[in-house]
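Structure file input30.pdb with PDB, C-alpha atoms, pLDDT in the B column:
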```
ATOM      1  CA  MET A 120      64.197  99.486  22.048  1.00 42.00           C
ATOM      2  CA  THR A 121      67.688 100.739  21.410  1.00 43.00           C
ATOM      3  CA  SER A 122      70.478 101.542  23.827  1.00 43.00           C
ATOM      4  CA  HIS A 123      71.938 104.945  24.465  1.00 45.00           C
ATOM      5  CA  PRO A 124      75.375 105.387  22.865  1.00 47.00           C
ATOM      6  CA  GLY A 125      77.996 103.779  25.061  1.00 46.00           C
ATOM      7  CA  GLY A 126      75.461 102.363  27.473  1.00 46.00           C
ATOM      8  CA  SER A 127      72.958  99.628  28.004  1.00 48.00           C
ATOM      9  CA  ASP A 128      69.169  99.678  28.233  1.00 52.00           C
ATOM     10  CA  ASP A 129      69.485  99.490  32.020  1.00 52.00           C
ATOM     11  CA  ASP A 130      69.467 103.076  33.268  1.00 52.00           C
ATOM     12  CA  GLY A 131      70.107 102.049  36.875  1.00 48.00           C
ATOM     13  CA  SER A 132      66.575 102.876  38.010  1.00 49.00           C
ATOM     14  CA  ALA A 133      65.567  99.256  38.700  1.00 54.00           C
ATOM     15  CA  ALA A 134      65.412  99.964  42.443  1.00 59.00           C
ATOM     16  CA  GLU A 135      63.046 102.916  41.935  1.00 80.00           C
ATOM     17  CA  PRO A 136      59.325 102.200  41.752  1.00 87.00           C
ATOM     18  CA  LEU A 137      57.578 102.795  38.464  1.00 92.00           C
ATOM     19  CA  VAL A 138      55.199 105.748  38.510  1.00 95.00           C
ATOM     20  CA  CYS A 139      52.487 106.216  35.903  1.00 95.00           C
ATOM     21  CA  ALA A 140      53.081 109.516  34.100  1.00 94.00           C
ATOM     22  CA  ARG A 141      49.336 110.046  33.736  1.00 94.00           C
ATOM     23  CA  CYS A 142      47.651 109.027  37.017  1.00 96.00           C
ATOM     24  CA  GLY A 143      50.594 108.647  39.424  1.00 96.00           C
ATOM     25  CA  THR A 144      50.001 104.954  40.261  1.00 96.00           C
ATOM     26  CA  ARG A 145      53.147 103.458  41.796  1.00 95.00           C
ATOM     27  CA  ALA A 146      54.347  99.905  41.239  1.00 93.00           C
ATOM     28  CA  GLU A 147      57.287  97.997  42.649  1.00 83.00           C
ATOM     29  CA  GLY A 148      59.218  95.825  40.227  1.00 83.00           C
ATOM     30  CA  PRO A 149      58.652  95.099  36.557  1.00 84.00           C
ATOM     31  CA  GLN A 150      55.133  95.518  35.211  1.00 90.00           C
ATOM     32  CA  PRO A 151      54.743  93.661  31.894  1.00 91.00           C
ATOM     33  CA  THR A 152      51.343  95.240  31.241  1.00 91.00           C
ATOM     34  CA  TRP A 153      52.597  98.812  31.542  1.00 94.00           C
ATOM     35  CA  THR A 154      53.499 100.922  28.498  1.00 90.00           C
ATOM     36  CA  PHE A 155      56.896 102.574  28.102  1.00 89.00           C
ATOM     37  CA  SER A 156      57.310 105.707  26.014  1.00 86.00           C
ATOM     38  CA  VAL A 157      60.013 108.267  25.246  1.00 87.00           C
ATOM     39  CA  GLU A 158      58.417 111.673  24.771  1.00 85.00           C
ATOM     40  CA  ASP A 159      60.560 114.739  24.104  1.00 89.00           C
ATOM     41  CA  GLY A 160      63.564 112.740  25.321  1.00 92.00           C
ATOM     42  CA  ALA A 161      61.946 111.839  28.659  1.00 92.00           C
ATOM     43  CA  ARG A 162      61.193 108.240  29.658  1.00 92.00           C
ATOM     44  CA  ARG A 163      57.583 107.775  30.737  1.00 92.00           C
ATOM     45  CA  HIS A 164      55.672 104.760  31.983  1.00 93.00           C
ATOM     46  CA  TYR A 165      51.894 104.335  31.849  1.00 93.00           C
ATOM     47  CA  CYS A 166      49.946 101.866  33.977  1.00 95.00           C
ATOM     48  CA  GLU A 167      47.704  99.246  32.409  1.00 94.00           C
ATOM     49  CA  ALA A 168      44.516 101.258  33.045  1.00 94.00           C
ATOM     50  CA  CYS A 169      45.876 104.458  31.484  1.00 93.00           C
ATOM     51  CA  SER A 170      47.359 102.499  28.571  1.00 90.00           C
ATOM     52  CA  ARG A 171      43.996 100.884  27.854  1.00 90.00           C
ATOM     53  CA  ASP A 172      42.077 104.158  28.265  1.00 90.00           C
ATOM     54  CA  ASN A 173      44.377 105.936  25.805  1.00 86.00           C
ATOM     55  CA  LEU A 174      45.077 103.156  23.313  1.00 84.00           C
ATOM     56  CA  ARG A 175      43.807 105.112  20.289  1.00 82.00           C
ATOM     57  CA  ALA A 176      46.002 108.100  21.115  1.00 81.00           C
ATOM     58  CA  ILE A 177      49.015 105.802  21.545  1.00 77.00           C
ATOM     59  CA  GLU A 178      48.357 104.068  18.220  1.00 79.00           C
ATOM     60  CA  GLY A 179      47.777 107.417  16.529  1.00 81.00           C
ATOM     61  CA  ARG A 180      51.354 108.476  17.271  1.00 78.00           C
ATOM     62  CA  LEU A 181      52.865 105.439  15.538  1.00 77.00           C
ATOM     63  CA  ASP A 182      54.499 105.954  12.164  1.00 78.00           C
ATOM     64  CA  SER A 183      52.522 104.562   9.244  1.00 77.00           C
ATOM     65  CA  GLN A 184      55.210 101.897   8.705  1.00 77.00           C
ATOM     66  CA  TRP A 185      53.896 100.136  11.841  1.00 67.00           C
ATOM     67  CA  TRP A 186      50.517  99.645  10.194  1.00 64.00           C
TER      68      TRP A 186
END
```
Could I get this file's structure written as structure tokens?
Amino acid sequence: MTSHPGGSDDDGSAAEPLVCARCGTRAEGPQPTWTFSVEDGARRHYCEACSRDNLRAIEGRLDSQWW
């Protein structure tokens, strides 16, 4: 992941709970099994269940250089 120009990867939202962009599941603190995505400039997190359920769609959006 890269940083925004002039900033760090920490966007100051560490105190805010993560919310799954698909199902709305909330989680306090870091969730290493969640997926992070930037879609149309918006940061989105997906819980483990939604990430697993949609793995093919996630992989399908990767550039061919990742394969």
To test your reading of the syntax: which residues would the PyMOL selection byres ((chain A and resi 147-150) around 9) return for the file shown? Reply as a PDB file with C-alpha atoms, in the frame of the given file.
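File produced: selection07.pdb:
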```pdb
ATOM      1  CA  ALA A 133      65.567  99.256  38.700  1.00 54.00           C
ATOM      2  CA  ALA A 134      65.412  99.964  42.443  1.00 59.00           C
ATOM      3  CA  GLU A 135      63.046 102.916  41.935  1.00 80.00           C
ATOM      4  CA  PRO A 136      59.325 102.200  41.752  1.00 87.00           C
ATOM      5  CA  LEU A 137      57.578 102.795  38.464  1.00 92.00           C
ATOM      6  CA  ARG A 145      53.147 103.458  41.796  1.00 95.00           C
ATOM      7  CA  ALA A 146      54.347  99.905  41.239  1.00 93.00           C
ATOM      8  CA  PRO A 151      54.743  93.661  31.894  1.00 91.00           C
ATOM      9  CA  THR A 152      51.343  95.240  31.241  1.00 91.00           C
ATOM     10  CA  TRP A 153      52.597  98.812  31.542  1.00 94.00           C
ATOM     11  CA  THR A 154      53.499 100.922  28.498  1.00 90.00           C
ATOM     12  CA  CYS A 166      49.946 101.866  33.977  1.00 95.00           C
ATOM     13  CA  GLU A 167      47.704  99.246  32.409  1.00 94.00           C
TER      14      GLU A 167
END
```
*Applied to this file, what does the PyMOL selection byres ((chain A and resi 141) around 8) return in terms of residues, put as a PyMOL selection string?*
chain A and resi 139-140+142-143+165+169
inquiry  = Residues near A:Phe155, anyone? I mean within 9 Å using only C-alpha atoms, not counting same-chain ones fewer than 4 positions away, as a list of chain:residue names.
reply    =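 Once the nearby chain positions are removed, what remains is A:Arg162, A:Arg163, A:His164, A:Tyr165.
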Mind dumping the selected residues with C-alpha atoms as an mmCIF file, in the frame of the given file?
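Result saved to selection.cif:
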```cif
data_model
loop_
_atom_site.group_PDB
_atom_site.id
_atom_site.type_symbol
_atom_site.label_atom_id
_atom_site.label_comp_id
_atom_site.auth_asym_id
_atom_site.auth_seq_id
_atom_site.Cartn_x
_atom_site.Cartn_y
_atom_site.Cartn_z
ATOM 1 C CA ARG A 162 61.193 108.240 29.658
ATOM 2 C CA ARG A 163 57.583 107.775 30.737
ATOM 3 C CA HIS A 164 55.672 104.760 31.983
ATOM 4 C CA TYR A 165 51.894 104.335 31.849
#
```
The distance between atom CA of A:Ser183 and atom CA of A:Ala168 is 25.3 Å
What separates atom CA of A:Thr144 and atom CA of A:Leu181 is a distance of 24.9 Å
